[in-house]
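Following: one structure in structure tokens, then a few remarks.
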Number of protein chains: 4
Amino acid sequence: MVRVGIVGALGYTGHELLRVLIGHPQAKLTVVADLPRFAGTPVGEVFPSLRGRCDLALSELAVGDLAGKIDVAILALPHKEGMTVAPSLLEKGIKVVDLSADYRLKDRAIYEEYYKETHTSPDLLKSAVYGLPEIYREDIRRASLVANPGCYPGSAILPLYPLVKERLIEVDSIVVDSKSGVSGAGRGTNPAFMFAEVNESMKAYGIGTHRHTPEIEQELSRAAGRPVRVTFVPHLIPITRGILTTAYANVSAGVNTARCLNALNAYYAKEPFVTVCKQGEYPEVRHVRYSNCCHMGLRVNEREGRVVVVSVVDNLGKGASWNAVQNMNIMCGLPETSGIAAPGAFV
Amino acid sequence: MVRVGIVGALGYTGHELLRVLIGHPQAKLTVVADLPRFAGTPVGEVFPSLRGRCDLALSELAVGDLAGKIDVAILALPHKEGMTVAPSLLEKGIKVVDLSADYRLKDRAIYEEYYKETHTSPDLLKSAVYGLPEIYREDIRRASLVANPGCYPGSAILPLYPLVKERLIEVDSIVVDSKSGVSGAGRGTNPAFMFAEVNESMKAYGIGTHRHTPEIEQELSRAAGRPVRVTFVPHLIPITRGILTTAYANVSAGVNTARCLNALNAYYAKEPFVTVCKQGEYPEVRHVRYSNCCHMGLRVNEREGRVVVVSVVDNLGKGASWNAVQNMNIMCGLPETSGIAAPGAFV
Amino acid sequence: MVRVGIVGALGYTGHELLRVLIGHPQAKLTVVADLPRFAGTPVGEVFPSLRGRCDLALSELAVGDLAGKIDVAILALPHKEGMTVAPSLLEKGIKVVDLSADYRLKDRAIYEEYYKETHTSPDLLKSAVYGLPEIYREDIRRASLVANPGCYPGSAILPLYPLVKERLIEVDSIVVDSKSGVSGAGRGTNPAFMFAEVNESMKAYGIGTHRHTPEIEQELSRAAGRPVRVTFVPHLIPITRGILTTAYANVSAGVNTARCLNALNAYYAKEPFVTVCKQGEYPEVRHVRYSNCCHMGLRVNEREGRVVVVSVVDNLGKGASWNAVQNMNIMCGLPETSGIAAPGAFV
Amino acid sequence: MVRVGIVGALGYTGHELLRVLIGHPQAKLTVVADLPRFAGTPVGEVFPSLRGRCDLALSELAVGDLAGKIDVAILALPHKEGMTVAPSLLEKGIKVVDLSADYRLKDRAIYEEYYKETHTSPDLLKSAVYGLPEIYREDIRRASLVANPGCYPGSAILPLYPLVKERLIEVDSIVVDSKSGVSGAGRGTNPAFMFAEVNESMKAYGIGTHRHTPEIEQELSRAAGRPVRVTFVPHLIPITRGILTTAYANVSAGVNTARCLNALNAYYAKEPFVTVCKQGEYPEVRHVRYSNCCHMGLRVNEREGRVVVVSVVDNLGKGASWNAVQNMNIMCGLPETSGIAAPGAFV
């Protein structure tokens, strides 16, 4: 039994970690830490959904006390807070999966440009592993610190990585148009995410400036072996959970739908959480809600010489907490699908 | 390992049974039967959410072939179809949990009045057990045929049963105002349930005629020891899953909030799926979505001498498929929470 | 041309007033006042929906300057703020329609009990008219100060008033179960109304304490000629606009559906904004969204001796801003439907 | 007073035409025609939202009887049916605004390829005017037959037309990613648009084959003076009304945000229904819901040399019925904004 602690429990990713870890057959949730003022409060009081399902009380984060109590910590903290906690946990021999953005970008300067913060833990950037198991499984297995990907990047990188790697698309032509549910914005109170401001509406935001842009670019650059720049535009959609990403790129000469699908199928054939749709089929968000799955489909419009790639994830599932548990499973030597094998909700 | 068959897989309750049983640690799903024209189709083709999660193909229902293949069948069929299938399954020694309405009402005449159908299997009405484990657990344990409750009745009966039994409320004054998500209407194509007809709207329906009325009355009459009639009004709300029931009744002399809460707490103290909210707190649908839980709260307005009872369930969870698996667990001697212990989704 | 000023423009009722008054053929919007820090900002900047539709800029409220500029002011302010502004406007000879709760309750003590505030303008309570034109049209015509009803009370009072007045129902048995869209909670930032906390959920709130209770009771007491107490339970539903109220009461001896419908039809025969559904039909929220209409239907369940009344309004339409314009039309001698005759949106 | 008839009243565009024309100050709705089996039914019976707002009954379409009764007909019919009705109306001297697709595409072969139908009225294709007033106002003024644009094309053509015309973007690089509410799919009963299949989900559809592709291409080709091909991908989003289109294109050398915005501003400076957002601002669907407005914004990401254009319309407003009334106003010599000046709903 792996002993797990959640640090930062009160947001949506925190609740999702609680839900998943409570039912995990090979992990035992032993610590749920958050701000001092919540210390002692039973989890079932802050989340009525967990009444009768979790006997733990919240505790104040005290890293010194954690040694010997947990084997791995999952940090569900905002950016900048991840890097204030991770180093001391690692020093105590506790493995860390960090859901914040702090260790995702290898280039500290890019982090500081996009996040407008000084990076206070740059030494760990090198050993931190980008937590997409479908790409970095072996690195994750050996890692002490895994940077869980942002919700958008996962949805874009998974379908595009093989296409870039196999040189099926022109990397300078990539456009990523993503649509996200509102829980992706976190639980902080913000007038822009009030029900009546969001419902029955849609908007684009962060055009040209969104922080997930460099994350997508970093990974596609690795695939390409040279710097890649993408146009990334996220949109807010009035659903609670789920991301649908539609990506566009010019295809290389002679590339058709079948060749692109073959590349995806070859790359993901053995992946338990990736499904490649058959030609003519495309994924829907409901197929992956409340799961760790990523479904993808594509079509090459030969008339325009352009591929249209569609992928879906649950932003709290494969896009955050469930993927974090997948990372934890790998880091701790557990079966990779343990506790996160549930299929999508459909309704 | 209990071997289970689902009969009627293509609706929302069918999908939900598939989701739950795929992950059930002590049951093995071996047969998924539906209409002949789907025979041979992989489950993952009719439900893309299940791709990579379920290797079974749909089969045509052939009761003769099922003997020796399954220990228990869960019928996710419309009313009238449950009673055409259950008798032959029982004859083969297969236990049956029936999600249709066919065996819920003990009085055949009332069934025929409300459902406008001749009952073709009246002999089994006596031995069929009404499948609310919180009330009939021991009968369910010994039953071969369990009639899973309707989605609305469960939400109304659970909080009202103890209040009636303890004579805390006047049984002639009960009003049950229920609000349901749209999946409760089933998956049949119907213009009334098209997105643009339902979204951003609400309506009451079935006033004075809804088929779940006699089901609520039957169970509250048992609790009262005399015939009880309730005014039941269901409403359609633009959410996919979930029921919130608000019930009203005049309280008996001297009855206050604490006494009513005590009655509920006493009755449900050991129930794994029932949560009674503290005084001043009331349940929300999100606390039980995607779970088998029922949360309930209440307040006696002493000024008016009336209790207000609020309860929530997921109409596909405690209101249908998850409760059916709870019944199956009990009938088959499995731990009662096996496979259905997940907490509510919260978001 | 009547000259109108809106005081308190930045909330949902303020925007709705702007929308309606911009298109009003016999009123000219001349002042849009709000907090000092917005003074000078064009309306189209705070509400992009109004770009190119309204040339006004926001101004700081300066009552002294308003004399001679406006004939009538509509106050879209929170409770307690209405009574700080209304007296000085009235002194300047400006008629006032107040959307706050401050002048709705005739009994100052009840106001102070429910709103936990000292009433600072009790002298005006006597002359203020409760602004339901279908009941108080002639008083409104002569009034200088009209208290626009709360969103819930309008939906409950309109269908119940004639039934109480004609003694068709037992007034001690009235239960009012209301369901409201989220815009009814106003535009203030509140974690409870964030999209992901409300969407796909429902809850009851304010049981036994909601401030609209005494407002309903005041008006039904007037109809009954004696004090009436009702059990009122509001619910929050994940739609933006609209209220559906389901009311229950025991009927007097011999009262059936037809008699109740006759009473409503007689009372509302000439009302331009009230529609009584035929026997067997009930209203839906979508039929009145974005309109000043109230639709109502009912059925007497003779078996239980109880009537079920269903009514719908748009909480920002008949429940607030459009009704305020109806009051303004009446007070200013304009045709009553001027500017507010649009039918419901349906989709 | 212009006399108007609606042909095809029972769908969503039909209801929207009814709503708008009932309140139109200079048009009189005199005929509402639909299938024979509805003849004689009061409009208020098929649409309860219109009770007390419209005294007309539905009539069977009898073109012979219409001469002398109406000056203009608006056809809210599916494709293929528009062209069976329009010719005989025109022969009787009745002007026609056709919401079907039948007269939108100048090239009959492309119509037949995308719609899989033989065009039965090709003679009228030449004189029919594509009904985007912002581009073809003078032609519309002189036209007898106007083909109202599809909902998606309007949202894409309006912002892109000036950019193409001014050669600010490379026409071979255009990608149009559109997101639509469900009412755009029409009112026909279809399992794919049932509430529980659509809610809390999203999907792309019609990739490479959608019928609005050639319509967008026709108009951008006219702007470019040479054939243009675009990649167009529509998506279904769980809202009732509204389209948000995000378009991408490589910019010509030296083109920046300001230059693109200047082009839009110059083109649309005097347009009553088009709003160009300031630099750094982008439109939201709620700003135009329930209106005839189109809002647009853009940004050139100089790093990638690509412009991102965002536009919003209400698919039943500017995308269908309100735009049809705008066309009618122009064709009949009425003030262009008459009856359709309402601003967006915001909430």
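Each chain in the structure tokens gets a letter, A, B, ..., in the order shown, and its residues are numbered from 1; ligands are numbered from 1 in order too.
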Determine which residues of segment 140-272 of chain D DSSP labels as helix (DSSP H, G or I) from the backbone of this structure, then write them out as an mmCIF file with C-alpha atoms, in the first residue's frame.
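After the write, out36.cif holds the following:
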data_model
loop_
_atom_site.group_PDB
_atom_site.id
_atom_site.type_symbol
_atom_site.label_atom_id
_atom_site.label_comp_id
_atom_site.auth_asym_id
_atom_site.auth_seq_id
_atom_site.Cartn_x
_atom_site.Cartn_y
_atom_site.Cartn_z
ATOM 1 C CA ILE D 140 -30.878 43.772 -51.965
ATOM 2 C CA ARG D 141 -32.708 47.063 -52.338
ATOM 3 C CA ARG D 142 -33.462 46.205 -55.954
ATOM 4 C CA CYS D 151 -25.898 30.902 -39.861
ATOM 5 C CA TYR D 152 -22.216 29.936 -39.936
ATOM 6 C CA PRO D 153 -21.309 31.783 -43.142
ATOM 7 C CA GLY D 154 -22.535 35.115 -41.865
ATOM 8 C CA SER D 155 -20.334 34.830 -38.797
ATOM 9 C CA ALA D 156 -17.291 33.979 -40.915
ATOM 10 C CA ILE D 157 -17.786 36.223 -43.940
ATOM 11 C CA LEU D 158 -18.456 39.450 -42.079
ATOM 12 C CA PRO D 159 -15.064 39.653 -40.325
ATOM 13 C CA LEU D 160 -13.036 38.024 -43.102
ATOM 14 C CA TYR D 161 -14.440 39.855 -46.127
ATOM 15 C CA PRO D 162 -12.635 43.175 -45.498
ATOM 16 C CA LEU D 163 -9.384 41.408 -44.592
ATOM 17 C CA VAL D 164 -9.454 39.457 -47.828
ATOM 18 C CA LYS D 165 -10.538 42.432 -49.908
ATOM 19 C CA VAL D 171 -6.337 33.491 -48.701
ATOM 20 C CA ASP D 172 -4.956 29.962 -48.945
ATOM 21 C CA SER D 173 -4.283 29.830 -45.232
ATOM 22 C CA VAL D 182 -28.072 23.521 -30.763
ATOM 23 C CA SER D 183 -31.002 25.491 -32.189
ATOM 24 C CA GLY D 184 -28.928 25.823 -35.358
ATOM 25 C CA ALA D 185 -29.715 22.192 -36.079
ATOM 26 C CA PRO D 191 -31.499 11.475 -31.344
ATOM 27 C CA ALA D 192 -28.215 13.347 -31.747
ATOM 28 C CA PHE D 193 -29.763 16.519 -30.365
ATOM 29 C CA PHE D 195 -30.734 16.969 -24.174
ATOM 30 C CA ALA D 196 -28.793 14.214 -22.444
ATOM 31 C CA GLU D 197 -26.698 13.499 -25.553
ATOM 32 C CA VAL D 198 -25.632 17.114 -26.009
ATOM 33 C CA THR D 213 -18.187 25.568 -46.720
ATOM 34 C CA PRO D 214 -18.966 26.523 -50.331
ATOM 35 C CA GLU D 215 -21.045 29.461 -49.162
ATOM 36 C CA ILE D 216 -18.123 30.925 -47.227
ATOM 37 C CA GLU D 217 -15.825 30.208 -50.141
ATOM 38 C CA GLN D 218 -18.137 31.849 -52.683
ATOM 39 C CA GLU D 219 -18.192 35.120 -50.813
ATOM 40 C CA LEU D 220 -14.492 35.202 -49.910
ATOM 41 C CA SER D 221 -13.693 34.377 -53.536
ATOM 42 C CA ARG D 222 -15.656 37.416 -54.605
ATOM 43 C CA ALA D 223 -13.697 39.508 -52.127
ATOM 44 C CA ALA D 224 -10.398 38.061 -53.325
ATOM 45 C CA THR D 257 -3.325 44.188 -35.388
ATOM 46 C CA ALA D 258 -3.956 47.876 -35.876
ATOM 47 C CA ARG D 259 -4.038 47.596 -39.636
ATOM 48 C CA CYS D 260 -6.522 44.755 -39.553
ATOM 49 C CA LEU D 261 -8.756 46.558 -37.076
ATOM 50 C CA ASN D 262 -8.599 49.680 -39.204
ATOM 51 C CA ALA D 263 -9.813 47.708 -42.193
ATOM 52 C CA LEU D 264 -12.785 46.360 -40.241
ATOM 53 C CA ASN D 265 -13.575 49.732 -38.765
ATOM 54 C CA ALA D 266 -13.436 51.425 -42.134
ATOM 55 C CA TYR D 267 -15.676 48.819 -43.685
ATOM 56 C CA TYR D 268 -18.264 48.748 -40.939
#
Open item on the list: Based on only C-alpha atoms, which of the residues in chain A come within 7 Å of chain B? I want them as number ranges by chain.
Closed with: A: 19, 23, 48-50, 53, 240, 287-288, 342-344, 346-347
- [ ] Point out the residue among C:Gly131, C:Val228, C:Met328, C:Pro25 with the least atom-to-atom distance to Gly5 of chain C, counting only C-alpha atoms.
- [x] C:Met328
Task: Residue list (strand (DSSP E or B), DSSP) for segment 46-212 of chain A, as a list in words - done: Ala57, Ser59, Glu60, Val72, Ala73, Ile74, Leu75, Lys95, Val96, Val97, Asp98, Val129, Tyr130, Leu145, Val146, Ala147, Ile169, Val175, Val176, Asp177, Ser178, Lys179, Ser180, Met194, Lys203 and Ala204 of chain A
- [ ] For Glu91 of chain B, work out the shell of residues within 12 Å, counting only C-alpha atoms and skipping chain neighbours fewer than 4 positions away, then give it as a PyMOL selection string.
- [x] chain B and resi 63-64+66-67+85-87+95-96+124+144-145
Open item on the list: Taking 5 positions as the minimum chain separation for residues in the same chain, which residues sit within 7 Å of Thr231 of chain A when counting only C-alpha atoms? Answer as a VMD selection string.
Closed with: (chain A and resid 174 to 176) or (chain D and resid 304)
TODO: Provide the atom CA of Leu334 of chain B to atom CA of Leu90 of chain B distance in Å, to one decimal place.
DONE: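 Computing it gives 19.9 Å between the two atoms.
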Long-range neighbours of Arg3 of chain C as a CSV table (one decimal) with C-alpha atoms, in the first residue's frame, 7 Å cut-off, only C-alpha atoms, 6 positions minimum in chain:
chain,number,residue,atom,x,y,z
C,27,ALA,CA,-40.0,57.0,-22.9
C,28,LYS,CA,-36.6,58.6,-23.2
C,29,LEU,CA,-33.8,57.4,-21.1
C,30,THR,CA,-31.9,60.5,-20.0
C,70,ILE,CA,-36.3,63.2,-15.4
C,71,ASP,CA,-39.9,62.6,-14.7
C,72,VAL,CA,-39.5,59.2,-13.2
With only C-alpha atoms as the counted atoms, please give the residues lying no more than 6 Å from Ala76 of chain A, apart from itself and same-chain residues fewer than 6 positions off, as a PDB file with C-alpha atoms, in the first residue's frame.
ATOM      1  CA  VAL A   7      -1.365  19.090  -0.520  1.00  0.00           C
ATOM      2  CA  GLY A   8      -3.978  21.657  -1.453  1.00  0.00           C
ATOM      3  CA  GLY A  14      -8.101  18.539  -4.832  1.00  0.00           C
ATOM      4  CA  LEU A  99      -0.093  19.880 -10.534  1.00  0.00           C
TER       5      LEU A  99
END
